[in-house]
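Colleague: Got data-v6.txt for you, compact mmCIF, C-alpha atoms:
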# COMPACT_ATOMS: atom_id res chain seq x y z
CA MET A 1 28.40 46.95 -42.91
CA ASP A 2 25.48 49.12 -41.81
CA ASN A 3 23.81 47.47 -38.76
CA GLY A 4 26.37 44.67 -39.00
CA ASP A 5 27.54 44.88 -35.40
CA SER A 6 26.68 42.38 -32.65
CA ILE A 7 25.87 39.43 -34.89
CA ILE A 8 25.54 36.37 -32.65
CA GLY A 9 28.17 33.76 -33.45
CA GLU A 10 31.90 33.33 -33.24
CA GLY A 11 34.74 32.04 -35.37
CA TRP A 12 34.95 28.65 -33.67
CA PHE A 13 34.09 25.37 -35.40
CA ASN A 14 32.55 26.82 -38.58
CA GLU A 15 29.83 28.74 -36.76
CA LEU A 16 28.78 31.03 -39.64
CA VAL A 17 27.49 30.36 -43.14
CA ILE A 18 26.02 32.73 -45.76
CA ILE A 19 23.65 31.73 -48.58
CA PRO A 20 21.58 33.80 -51.02
CA PHE A 21 17.80 33.89 -50.85
CA PRO A 22 16.59 31.57 -53.62
CA ASP A 23 15.51 33.67 -56.63
CA SER A 24 16.84 36.95 -55.16
CA ASP A 25 19.63 39.12 -56.57
CA SER A 26 20.24 41.09 -53.36
CA LEU A 27 19.07 39.26 -50.22
CA PHE A 28 21.25 36.89 -48.20
CA TYR A 29 20.82 34.77 -45.07
CA LEU A 30 23.61 34.74 -42.52
CA PHE A 31 23.11 31.70 -40.26
CA SER A 32 25.09 31.61 -37.04
CA ILE A 33 25.52 29.54 -33.92
CA CYS A 34 27.32 30.43 -30.73
CA GLN A 35 28.61 27.04 -29.67
CA SER A 36 30.84 28.22 -26.84
CA SER A 37 27.93 30.11 -25.23
CA GLY A 38 25.22 27.58 -26.07
CA LEU A 39 22.80 30.14 -27.48
CA GLY A 40 21.22 28.14 -30.32
CA LEU A 41 20.81 28.79 -34.06
CA PHE A 42 20.11 32.29 -35.38
CA TYR A 43 19.75 34.02 -38.73
CA SER A 44 20.21 37.56 -39.98
CA ILE A 45 19.17 39.00 -43.35
CA ILE A 46 21.36 41.21 -45.51
CA ASP A 47 20.21 43.39 -48.43
CA LEU A 48 23.11 44.33 -50.70
CA HIS A 49 21.02 46.90 -52.59
CA LEU A 50 20.97 49.22 -49.57
CA ASN A 51 23.52 51.76 -48.38
CA GLY A 52 24.72 52.64 -51.88
CA GLY A 53 25.49 49.02 -52.74
CA LEU A 54 27.54 48.40 -49.59
CA GLY A 55 24.64 46.49 -48.04
CA SER A 56 22.78 46.63 -44.75
CA VAL A 57 21.61 44.08 -42.18
CA ILE A 58 17.81 44.44 -42.25
CA GLN A 59 17.01 41.71 -39.69
CA LYS A 60 19.43 40.57 -37.02
CA ASN A 61 19.80 37.64 -34.64
CA VAL A 62 16.41 36.00 -35.24
CA LEU A 63 16.26 32.84 -33.11
CA LEU A 64 15.53 29.78 -35.26
CA ASN A 65 16.32 26.97 -32.81
CA SER A 66 17.04 27.29 -29.08
CA SER A 67 18.72 23.87 -28.69
CA ILE A 68 22.35 24.09 -27.62
CA PRO A 69 24.48 23.78 -30.80
CA ASN A 70 27.07 21.09 -31.26
CA GLY A 71 29.90 21.99 -33.60
CA VAL A 72 29.44 22.99 -37.20
CA ILE A 73 26.60 24.13 -39.44
CA LYS A 74 26.64 23.37 -43.17
CA THR A 75 24.54 24.25 -46.20
CA ILE A 76 24.16 22.38 -49.48
CA LYS A 77 22.11 23.11 -52.61
CA HIS A 78 18.80 21.28 -52.96
CA GLY A 79 18.57 18.78 -55.81
CA ASN A 80 16.45 21.27 -57.76
CA GLY A 81 19.50 23.56 -58.04
CA ARG A 82 17.73 26.55 -56.48
CA ASP A 83 16.78 25.89 -52.87
CA TRP A 84 19.06 25.02 -49.95
CA TRP A 85 19.42 22.55 -47.08
CA LEU A 86 20.85 23.70 -43.74
CA ILE A 87 22.32 20.99 -41.47
CA TYR A 88 22.66 21.80 -37.78
CA ARG A 89 23.60 19.53 -34.85
CA THR A 90 22.56 19.89 -31.21
CA PHE A 91 23.58 18.51 -27.82
CA ASP A 92 20.22 16.73 -27.48
CA VAL A 93 20.29 13.04 -26.58
CA PRO A 94 20.92 10.84 -28.49
CA ASP A 95 24.03 12.50 -29.86
CA ASN A 96 23.56 11.27 -33.43
CA ASN A 97 20.96 13.89 -34.30
CA TYR A 98 20.93 15.99 -37.48
CA VAL A 99 18.51 18.93 -37.61
CA ILE A 100 17.67 19.79 -41.21
CA TYR A 101 15.97 22.91 -42.60
CA MET A 102 14.84 23.53 -46.18
CA ILE A 103 15.18 27.09 -47.48
CA THR A 104 13.04 28.19 -50.43
CA PRO A 105 11.88 31.53 -51.92
CA TYR A 106 8.99 31.30 -49.44
CA GLY A 107 11.06 31.04 -46.28
CA ILE A 108 12.62 28.50 -43.92
CA SER A 109 10.81 25.21 -43.31
CA GLN A 110 10.05 23.65 -39.96
CA PRO A 111 13.03 21.54 -38.83
CA GLN A 112 13.19 17.82 -39.48
CA VAL A 113 15.34 15.71 -37.14
CA GLN A 114 17.07 12.52 -38.21
CA TYR A 115 18.94 10.18 -35.85
CA ILE A 116 21.56 8.20 -37.75
CA GLY A 117 25.09 6.86 -37.52
CA SER A 118 27.51 7.07 -34.65
CA ASN A 119 26.92 9.10 -31.52
CA LEU A 120 29.21 12.13 -31.48
CA THR A 121 30.66 12.67 -28.03
CA ALA A 122 32.72 15.75 -28.99
CA GLU A 123 31.43 19.06 -30.34
CA THR A 124 34.66 19.93 -32.13
CA GLY A 125 35.24 18.61 -35.64
CA ASP A 126 34.34 19.24 -39.25
CA ILE A 127 31.93 18.25 -42.03
CA ASP A 128 32.45 18.15 -45.80
CA PHE A 129 30.28 17.22 -48.78
CA THR A 130 31.43 15.60 -52.01
CA PRO A 131 31.47 17.98 -55.00
CA ASP A 132 28.10 16.58 -56.16
CA GLY A 133 26.63 16.96 -52.65
CA ASN A 134 25.51 13.33 -52.42
CA LYS A 135 27.83 12.14 -49.66
CA LEU A 136 28.92 13.63 -46.34
CA LEU A 137 32.10 13.16 -44.32
CA ILE A 138 32.18 13.99 -40.60
CA VAL A 139 35.13 13.88 -38.20
CA ASN A 140 35.38 14.84 -34.55
CA TRP A 141 37.71 15.48 -31.64
CA HIS A 142 37.21 11.96 -30.25
CA GLY A 143 38.47 10.01 -33.23
CA LEU A 144 35.38 9.58 -35.41
CA ILE A 145 35.64 9.38 -39.20
CA GLN A 146 32.24 8.61 -40.75
CA LEU A 147 30.69 8.67 -44.22
CA MET A 148 26.97 8.95 -45.05
CA ASP A 149 24.92 9.27 -48.21
CA PHE A 150 22.80 12.42 -48.57
CA ASP A 151 19.67 12.74 -50.70
CA ARG A 152 19.55 16.29 -52.05
CA CYS A 153 15.88 15.86 -52.98
CA THR A 154 14.56 14.80 -49.56
CA GLY A 155 17.28 16.21 -47.27
CA THR A 156 17.82 12.83 -45.61
CA PHE A 157 20.92 10.81 -44.72
CA SER A 158 21.42 7.07 -45.24
CA ASN A 159 24.01 4.27 -45.26
CA PRO A 160 26.35 5.45 -42.47
CA GLU A 161 29.82 3.91 -42.71
CA ILE A 162 32.25 4.28 -39.81
CA ILE A 163 35.88 4.31 -40.90
CA GLN A 164 37.11 4.96 -37.38
CA PRO A 165 34.83 5.00 -34.29
CA ASP A 166 34.24 7.74 -31.76
CA THR A 167 36.41 6.51 -28.89
CA TRP A 168 36.10 9.44 -26.45
CA SER A 169 39.89 9.77 -26.66
CA THR A 170 42.66 10.74 -29.05
CA PRO A 171 43.29 11.05 -31.97
CA LEU A 172 41.84 14.53 -32.22
CA TYR A 173 40.46 14.94 -35.74
CA LEU A 174 40.02 18.61 -36.59
CA GLY A 175 39.49 19.07 -40.35
CA CYS A 176 38.40 17.03 -43.36
CA ALA A 177 37.86 17.30 -47.11
CA PHE A 178 36.88 15.12 -50.05
CA SER A 179 39.04 15.02 -53.16
CA PRO A 180 37.39 16.40 -56.31
CA ASP A 181 36.80 12.84 -57.61
CA ALA A 182 35.29 11.89 -54.20
CA ASN A 183 37.53 8.81 -54.01
CA LYS A 184 39.91 10.12 -51.35
CA ILE A 185 39.48 11.94 -48.10
CA TYR A 186 41.97 14.11 -46.24
CA VAL A 187 41.95 14.51 -42.44
CA THR A 188 44.00 16.61 -40.02
CA SER A 189 44.64 15.41 -36.48
CA VAL A 190 46.53 16.31 -33.33
CA TYR A 191 48.01 13.86 -30.82
CA GLN A 192 48.99 15.32 -27.47
CA GLY A 193 51.27 13.93 -24.80
CA ALA A 194 54.78 13.42 -23.45
CA GLY A 195 55.42 17.16 -23.32
CA ALA A 196 55.33 17.52 -27.11
CA GLU A 197 52.62 18.05 -29.66
CA PHE A 198 52.55 16.37 -33.05
CA SER A 199 49.96 16.94 -35.76
CA TYR A 200 49.32 15.01 -38.95
CA LEU A 201 47.79 15.23 -42.40
CA TYR A 202 46.32 11.90 -43.52
CA GLN A 203 44.93 10.59 -46.80
CA TYR A 204 42.43 7.71 -47.01
CA ASP A 205 41.55 5.79 -50.18
CA LEU A 206 37.79 5.23 -50.35
CA LEU A 207 38.24 2.63 -53.12
CA ASP A 208 40.36 0.42 -50.88
CA THR A 209 38.70 -2.73 -49.56
CA ASN A 210 39.74 -1.63 -46.05
CA ILE A 211 39.53 2.15 -45.92
CA ALA A 212 40.89 2.42 -42.38
CA LEU A 213 44.06 0.53 -43.31
CA SER A 214 44.61 2.72 -46.38
CA LYS A 215 45.60 5.65 -44.14
CA ASP A 216 48.71 7.38 -45.49
CA THR A 217 50.53 10.00 -43.42
CA LEU A 218 51.34 12.79 -45.85
CA TYR A 219 52.98 15.20 -43.41
CA THR A 220 53.91 15.52 -39.74
CA PHE A 221 53.70 18.94 -38.09
CA THR A 222 55.49 19.76 -34.86
CA ALA A 223 54.70 22.47 -32.33
CA PRO A 224 54.19 25.39 -32.63
CA ASP A 225 52.52 24.48 -35.97
CA VAL A 226 48.91 23.30 -35.44
CA PRO A 227 47.00 22.42 -38.66
CA ARG A 228 43.23 22.61 -38.66
CA THR A 229 40.80 23.37 -41.49
CA LEU A 230 40.89 21.76 -44.95
CA ARG A 231 38.89 23.31 -47.80
CA ARG A 232 38.52 22.29 -51.44
CA GLY A 233 38.90 25.42 -53.54
CA PRO A 234 37.22 26.30 -56.87
CA ASP A 235 40.50 25.32 -58.57
CA ASN A 236 40.04 21.76 -57.18
CA LYS A 237 43.09 22.07 -54.98
CA ILE A 238 42.72 21.54 -51.23
CA TYR A 239 43.94 24.27 -48.87
CA LEU A 240 45.01 23.84 -45.25
CA SER A 241 45.20 26.53 -42.58
CA THR A 242 47.78 26.19 -39.80
CA CYS A 243 47.95 28.19 -36.59
CA TYR A 244 51.29 29.17 -35.05
CA GLU A 245 50.70 28.36 -31.38
CA THR A 246 53.17 27.71 -28.60
CA PRO A 247 51.98 24.63 -26.64
CA GLY A 248 49.73 25.73 -23.81
CA VAL A 249 49.57 29.37 -24.97
CA PHE A 250 46.44 30.54 -26.83
CA ALA A 251 47.53 32.17 -30.09
CA TYR A 252 44.68 34.61 -30.76
CA PRO A 253 45.32 37.41 -31.43
CA TYR A 254 48.88 37.25 -32.67
CA ALA A 255 51.22 39.97 -31.56
CA ASP A 256 52.14 42.08 -34.57
CA SER A 257 55.69 40.71 -34.38
CA VAL A 258 54.53 37.07 -34.74
CA ARG A 259 55.02 36.66 -38.47
CA ASN A 260 56.52 33.56 -40.05
CA SER A 261 56.11 31.03 -42.85
CA THR A 262 53.48 29.14 -40.83
CA ASN A 263 50.94 31.89 -40.25
CA GLU A 264 51.55 33.91 -43.42
CA ASN A 265 50.89 30.96 -45.75
CA LEU A 266 48.37 28.24 -46.45
CA SER A 267 49.50 24.72 -47.33
CA VAL A 268 48.18 23.21 -50.56
CA ILE A 269 47.37 19.71 -51.85
CA ASN A 270 47.92 20.42 -55.54
CA SER A 271 46.70 17.08 -57.01
CA PRO A 272 44.23 15.68 -54.44
CA ASP A 273 42.84 13.02 -56.82
CA SER A 274 46.23 11.25 -56.75
CA LEU A 275 47.34 8.73 -54.13
CA GLY A 276 50.17 9.20 -51.66
CA PRO A 277 53.07 11.49 -52.56
CA MET A 278 51.59 11.98 -56.04
CA CYS A 279 48.95 14.25 -54.49
CA ASP A 280 51.77 16.85 -54.26
CA PHE A 281 51.29 18.29 -50.78
CA ALA A 282 53.19 21.59 -50.57
CA PRO A 283 53.39 22.87 -46.96
CA PHE A 284 53.24 26.64 -46.39
CA SER A 285 53.35 27.37 -50.12
CA PHE A 286 50.44 29.81 -50.71
CA TYR A 287 51.40 33.30 -49.55
CA LEU A 288 48.59 35.39 -48.03
CA GLY A 289 50.03 38.75 -49.03
CA GLY A 290 51.06 39.72 -45.53
CA LYS A 291 47.82 38.56 -43.87
CA ARG A 292 47.88 35.78 -41.28
CA THR A 293 45.89 32.62 -40.69
CA TYR A 294 44.74 30.84 -37.52
CA TYR A 295 42.71 27.61 -37.46
CA GLY A 296 39.95 28.43 -39.88
CA LEU A 297 38.98 28.99 -43.49
CA PRO A 298 35.64 30.36 -44.78
CA ASN A 299 32.67 28.03 -44.41
CA ASN A 300 31.46 28.69 -47.95
CA PRO A 301 29.15 26.17 -49.64
CA ASP A 302 29.32 25.51 -53.37
CA TYR A 303 27.11 28.35 -54.60
CA ASP A 304 27.29 27.07 -58.20
CA LEU A 305 26.23 23.46 -57.52
CA LYS A 306 23.77 22.39 -60.22
CA SER A 307 20.58 20.36 -59.91
CA ASP A 308 20.91 16.64 -59.19
CA SER A 309 20.60 15.37 -62.74
CA GLY A 310 18.34 12.35 -63.16
CA SER A 311 16.80 12.63 -59.69
CA PHE A 312 13.13 13.08 -58.85
CA CYS A 313 13.66 16.78 -58.24
CA ASP A 314 16.17 17.86 -60.88
CA THR A 315 13.63 20.23 -62.45
CA LEU A 316 11.70 22.98 -60.68
CA LEU A 317 7.97 22.40 -60.62
CA ASN A 318 5.48 24.84 -62.14
CA VAL A 319 3.54 26.06 -59.13
CA SER A 320 1.22 29.05 -59.24
CA SER A 321 1.23 31.79 -56.62
CA MET A 322 -2.17 30.53 -55.42
CA ASP A 323 -0.51 27.26 -54.39
CA VAL A 324 2.29 28.67 -52.25
CA PHE A 325 0.29 30.80 -49.84
CA GLY A 326 -2.21 29.54 -47.33
CA GLU A 327 -2.29 27.14 -44.42
CA LYS A 328 0.66 25.25 -42.98
CA PRO A 329 1.34 21.91 -44.76
CA GLU A 330 0.39 18.80 -42.80
CA ILE A 331 1.03 15.06 -43.10
CA ASN A 332 -1.02 12.48 -41.17
CA ILE A 333 -0.07 8.81 -41.20
CA PHE A 334 -1.71 5.62 -39.90
CA TYR A 335 -0.37 2.08 -39.96
CA HIS A 336 -3.02 -0.66 -40.17
CA PRO A 337 -1.47 -3.78 -38.57
CA SER A 338 -3.98 -6.27 -40.00
CA TRP A 339 -3.64 -4.98 -43.54
CA GLN A 340 0.10 -4.22 -43.06
CA LYS A 341 -0.40 -0.94 -44.88
CA LEU A 342 0.75 2.58 -44.12
CA PHE A 343 -1.82 5.23 -45.04
CA ILE A 344 -0.58 8.78 -45.75
CA ASN A 345 -2.78 11.86 -45.99
CA GLY A 346 -1.36 15.23 -47.03
CA LYS A 347 -2.95 18.67 -46.69
CA ASN A 348 -1.88 22.12 -47.96
CA LEU A 349 1.27 20.77 -49.62
CA LYS A 350 1.50 23.75 -52.05
CA SER A 351 2.68 21.53 -54.89
CA HIS A 352 1.21 19.37 -57.64
CA ILE A 353 3.54 16.43 -57.03
CA CYS A 354 5.59 15.09 -54.14
CA ILE A 355 8.23 12.44 -53.47
CA ILE A 356 7.47 9.83 -50.82
CA THR A 357 10.44 7.98 -49.31
CA LEU A 358 10.41 5.25 -46.65
CA PHE A 359 13.55 4.63 -44.55
CA ASP A 360 14.57 2.34 -41.75
CA LEU A 361 16.42 3.80 -38.74
CA THR A 362 19.81 3.18 -40.36
CA GLY A 363 18.79 5.52 -43.18
CA LYS A 364 18.40 2.75 -45.77
CA VAL A 365 15.84 3.64 -48.44
CA LEU A 366 13.20 0.89 -48.58
CA PHE A 367 10.63 2.54 -50.84
CA GLN A 368 10.34 5.65 -52.98
CA LYS A 369 7.77 6.94 -55.46
CA LEU A 370 6.52 10.11 -57.14
CA GLU A 371 2.94 10.98 -56.14
CA ASP A 372 0.31 13.33 -57.59
CA SER A 373 -0.65 15.52 -54.64
CA ASN A 374 -3.49 17.37 -56.43
CA SER A 375 -2.11 20.82 -55.61
CA LEU A 376 -3.14 20.85 -51.95
CA ASN A 377 -4.37 17.45 -50.73
CA PHE A 378 -3.68 13.80 -51.43
CA SER A 379 -4.03 10.29 -49.96
CA THR A 380 -1.94 7.23 -50.70
CA SER A 381 -0.79 3.99 -49.07
CA ILE A 382 2.31 1.79 -48.92
CA SER A 383 2.28 -1.99 -48.46
CA CYS A 384 4.61 -2.95 -45.60
CA GLY A 385 4.20 -6.72 -45.58
CA ASP A 386 7.82 -7.31 -46.57
CA PHE A 387 9.22 -5.14 -43.76
CA SER A 388 10.21 -6.55 -40.37
CA ASN A 389 8.78 -5.16 -37.15
CA GLY A 390 10.39 -1.93 -36.01
CA ILE A 391 10.41 1.87 -36.29
CA TYR A 392 10.48 3.55 -39.71
CA LEU A 393 10.71 7.07 -41.15
CA ILE A 394 8.46 8.40 -43.90
CA ALA A 395 9.52 11.57 -45.75
CA VAL A 396 7.15 13.59 -47.95
CA GLN A 397 9.09 16.04 -50.11
CA THR A 398 7.61 18.82 -52.26
CA GLU A 399 9.28 21.75 -53.95
CA TYR A 400 8.63 23.86 -50.86
CA ASP A 401 8.48 21.51 -47.87
CA CYS A 402 9.99 18.33 -46.47
CA ILE A 403 7.99 16.65 -43.70
CA ILE A 404 9.30 13.56 -41.89
CA LYS A 405 7.18 11.30 -39.67
CA THR A 406 7.91 8.08 -37.78
CA PHE A 407 5.73 5.01 -37.42
CA PHE A 408 5.99 1.63 -35.70
CA LYS A 409 5.19 -1.69 -37.34
Let's see the structure in the file written out as structure tokens.
Modeller:
Amino acid sequence: MDNGDSIIGEGWFNELVIIPFPDSDSLFYLFSICQSSGLGLFYSIIDLHLNGGLGSVIQKNVLLNSSIPNGVIKTIKHGNGRDWWLIYRTFDVPDNNYVIYMITPYGISQPQVQYIGSNLTAETGDIDFTPDGNKLLIVNWHGLIQLMDFDRCTGTFSNPEIIQPDTWSTPLYLGCAFSPDANKIYVTSVYQGAGAEFSYLYQYDLLDTNIALSKDTLYTFTAPDVPRTLRRGPDNKIYLSTCYETPGVFAYPYADSVRNSTNENLSVINSPDSLGPMCDFAPFSFYLGGKRTYYGLPNNPDYDLKSDSGSFCDTLLNVSSMDVFGEKPEINIFYHPSWQKLFINGKNLKSHICIITLFDLTGKVLFQKLEDSNSLNFSTSISCGDFSNGIYLIAVQTEYDCIIKTFFK
């Protein structure tokens, strides 16, 4: 593509993701991290109307966040069905941080940081969302399997559930995917030792009373076959890429003569909503037409995900152009200990209404309401007498911004 050279980012650990500009028929963001070089989070802008319809990169390698990246970046549609959330992790301490951006027709918001769930001691791993976008699965190289709820209206996580802890040791979990019905998860892992390498494809039943004990080994791979990335396709099958790699010898790039059933095919879970053997796992069954696969598959989000029906934000607000330009939005909060009330003042919110959500540090939602923000400014309060002493998060969400503050009771 014209001006498409030298984009920062590599193929490791899902380091690239592309999303359309909300309300544009030609502009796209390409977000990229360079995890192995520690360069941060960048974006480039592509206009497909240029260069005779072949497209051109019109802005390139704009630094968005200089923090050293940790693993994957993911995007998910906002609950309004138009805007986007970008989730990015960093090496900052503590290691359970999630940096979240909101992307609207008016640009990229300031980042909000949420600390939740298990610390992640390994940068390698994978993230997947349920088909409705309301739950996230994260696995990593040090044995973590964790679920969290995700609010597509506020861009916040809650209710972390650890299926297996981060142990700073094997097993090495590399890829993950939800089933279409969101009741099963699939995980790939590699165990190393004793001069041999064995890799596995597991299924877990999320409806089981003990999810960890529901683990079912669907397939065992032996070297040189190394499975990695799982992706749910638009046909609701789950695809698995497998690299052909001699132990201790880096496979990339393959010599032209290295062609076999492993690297010229994807494996397929044909019925992922079914338990055990009924899920119909077919190893090396999807022919790539002479092309070859390594560890990865495209990091595409669900571009067709609809609005979150029944939520606070399932309908776009009617906001005039006078409301969306002007000063930067601000939120000021003050907790009055004698009155046990939290006072919230908003300024330049560019929206007629907003959603106010109160969380504890585990991500549990304690309070939520819809508030009239009077186009630009508003004041409100929340009674906190029923809450124990501690640190809390308050999120103020409009159609265009999401601002998160902390306060101590």
Colleague: Quick one: pull the distance between CA of Ile394 (chain A) and CA of Arg152 (chain A), Å, one decimal.
Modeller: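 CA of Arg152 (chain A) lies at a distance of 15.9 Å from CA of Ile394 (chain A).
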Colleague: Could you tell me which of A:Thr242, A:Asp181, A:Gln112, A:Asn263 comes closest to Lys405 (chain A) if we count only C-alpha atoms?
Modeller: A:Gln112
Colleague: As a list in words, please: the residues near Gln164 (chain A) (cut-off 7 Å, all atoms listed in the file, same-chain neighbours under 5 positions excluded).
Modeller: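 Residues near the query, excluding close chain neighbours: Gly143, Leu144, Ile145, Gln146 and Ala212 of chain A.
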Colleague: Skip region 80-92 of chain A itself and residues of its chain fewer than 4 positions away, then list as a list in words all residues within 6 Å of it, counting all atoms listed in the file.
Modeller: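 Once the nearby chain positions are removed, what remains is Pro22, Ile68, Pro69, Asn70, Ile73, Lys74, Thr75, Ile76, Tyr98, Val99, Ile100, Tyr101, Met102, Ile103, Thr104, Lys306, Ser307, Cys313, Asp314, Thr315 and Leu316 of chain A.
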Colleague: Would you mind telling me which residue in A:Ile7, A:Ile33, A:Leu288, A:Leu16 lies nearest to Lys60 (chain A) when using only C-alpha atoms?
Modeller: A:Ile7
Colleague: When distances are computed from only C-alpha atoms, which of A:Pro20, A:Pro283, A:Gly175, A:Gly155 shows the smallest separation from Val396 (chain A)?
Modeller: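 Of A:Pro20, A:Pro283, A:Gly175, A:Gly155, the one nearest Val396 (chain A) is A:Gly155, counting only C-alpha atoms.
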Colleague: Closest to Gly52 (chain A) among A:Asp386, A:Glu15, A:Asp2, A:Asp273, using all atoms listed in the file?
Modeller: A:Asp2
Colleague: Identify the residues within 10 Å of coordinate (5.1, -2.9, -48.1) (same frame as the file), considering only C-alpha atoms, and give the answer as a PyMOL selection string.
Modeller: chain A and resi 340-342+358+366-367+381-388
Colleague: Suppose you want the space between CA of Gly310 (chain A) and CA of Gly79 (chain A); what is it in Å?
Modeller: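 Those two atoms sit 9.8 Å apart.
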Colleague: Using only C-alpha atoms, which residues sit within 8 Å of Gly40 (chain A) once same-chain residues fewer than 3 positions away are excluded, as a list in words?
Modeller: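 My list of contacting residues is Ile33, Cys34, Gln35, Leu63, Leu64, Asn65, Ser66, Ser67, Ile68 and Pro69 of chain A.
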Colleague: Rounded to one decimal, what separation in Å do you get between CA of Asn236 (chain A) and CA of Pro180 (chain A)?
Modeller: 6.0 Å
Colleague: Mind writing region 276-294 of chain A to a file for me, with N, CA and C atoms, as a PDB file, in the first residue's frame?
Modeller:
ATOM      1  N   GLY A 276     -16.757 -32.334  24.802  1.00  0.00           N
ATOM      2  CA  GLY A 276     -15.887 -33.479  24.554  1.00  0.00           C
ATOM      3  C   GLY A 276     -15.746 -33.805  23.084  1.00  0.00           C
ATOM      4  N   PRO A 277     -15.692 -35.105  22.765  1.00  0.00           N
ATOM      5  CA  PRO A 277     -15.499 -35.532  21.372  1.00  0.00           C
ATOM      6  C   PRO A 277     -16.590 -35.039  20.427  1.00  0.00           C
ATOM      7  N   MET A 278     -17.778 -34.712  20.983  1.00  0.00           N
ATOM      8  CA  MET A 278     -18.870 -34.234  20.140  1.00  0.00           C
ATOM      9  C   MET A 278     -18.566 -32.874  19.511  1.00  0.00           C
ATOM     10  N   CYS A 279     -17.547 -32.181  19.996  1.00  0.00           N
ATOM     11  CA  CYS A 279     -17.189 -30.893  19.391  1.00  0.00           C
ATOM     12  C   CYS A 279     -16.542 -31.082  18.021  1.00  0.00           C
ATOM     13  N   ASP A 280     -16.156 -32.313  17.693  1.00  0.00           N
ATOM     14  CA  ASP A 280     -15.669 -32.679  16.359  1.00  0.00           C
ATOM     15  C   ASP A 280     -14.413 -31.893  15.978  1.00  0.00           C
ATOM     16  N   PHE A 281     -13.346 -32.123  16.756  1.00  0.00           N
ATOM     17  CA  PHE A 281     -12.065 -31.506  16.418  1.00  0.00           C
ATOM     18  C   PHE A 281     -11.415 -32.278  15.279  1.00  0.00           C
ATOM     19  N   ALA A 282     -11.094 -31.578  14.199  1.00  0.00           N
ATOM     20  CA  ALA A 282     -10.505 -32.197  13.009  1.00  0.00           C
ATOM     21  C   ALA A 282      -9.122 -31.588  12.775  1.00  0.00           C
ATOM     22  N   PRO A 283      -8.043 -32.276  13.221  1.00  0.00           N
ATOM     23  CA  PRO A 283      -6.701 -31.707  13.064  1.00  0.00           C
ATOM     24  C   PRO A 283      -6.279 -31.624  11.601  1.00  0.00           C
ATOM     25  N   PHE A 284      -5.663 -30.499  11.252  1.00  0.00           N
ATOM     26  CA  PHE A 284      -5.042 -30.291   9.939  1.00  0.00           C
ATOM     27  C   PHE A 284      -6.013 -30.620   8.798  1.00  0.00           C
ATOM     28  N   SER A 285      -7.216 -30.069   8.896  1.00  0.00           N
ATOM     29  CA  SER A 285      -8.275 -30.432   7.956  1.00  0.00           C
ATOM     30  C   SER A 285      -8.684 -29.312   7.006  1.00  0.00           C
ATOM     31  N   PHE A 286      -8.196 -28.069   7.236  1.00  0.00           N
ATOM     32  CA  PHE A 286      -8.598 -26.937   6.391  1.00  0.00           C
ATOM     33  C   PHE A 286      -7.395 -26.514   5.565  1.00  0.00           C
ATOM     34  N   TYR A 287      -7.410 -26.855   4.291  1.00  0.00           N
ATOM     35  CA  TYR A 287      -6.266 -26.617   3.401  1.00  0.00           C
ATOM     36  C   TYR A 287      -6.165 -25.144   3.038  1.00  0.00           C
ATOM     37  N   LEU A 288      -4.954 -24.610   3.092  1.00  0.00           N
ATOM     38  CA  LEU A 288      -4.707 -23.184   2.860  1.00  0.00           C
ATOM     39  C   LEU A 288      -4.319 -22.875   1.422  1.00  0.00           C
ATOM     40  N   GLY A 289      -4.576 -23.784   0.524  1.00  0.00           N
ATOM     41  CA  GLY A 289      -4.347 -23.514  -0.894  1.00  0.00           C
ATOM     42  C   GLY A 289      -2.894 -23.336  -1.259  1.00  0.00           C
ATOM     43  N   GLY A 290      -2.018 -24.024  -0.551  1.00  0.00           N
ATOM     44  CA  GLY A 290      -0.594 -23.913  -0.830  1.00  0.00           C
ATOM     45  C   GLY A 290       0.130 -22.884   0.014  1.00  0.00           C
ATOM     46  N   LYS A 291      -0.612 -22.048   0.748  1.00  0.00           N
ATOM     47  CA  LYS A 291       0.012 -21.114   1.692  1.00  0.00           C
ATOM     48  C   LYS A 291       0.351 -21.863   2.984  1.00  0.00           C
ATOM     49  N   ARG A 292       1.160 -21.210   3.839  1.00  0.00           N
ATOM     50  CA  ARG A 292       1.592 -21.882   5.065  1.00  0.00           C
ATOM     51  C   ARG A 292       1.323 -21.018   6.293  1.00  0.00           C
ATOM     52  N   THR A 293       1.106 -21.672   7.404  1.00  0.00           N
ATOM     53  CA  THR A 293       0.806 -20.994   8.654  1.00  0.00           C
ATOM     54  C   THR A 293       1.945 -21.169   9.654  1.00  0.00           C
ATOM     55  N   TYR A 294       2.077 -20.172  10.554  1.00  0.00           N
ATOM     56  CA  TYR A 294       3.010 -20.256  11.675  1.00  0.00           C
ATOM     57  C   TYR A 294       2.188 -20.316  12.962  1.00  0.00           C
TER      58      TYR A 294
END
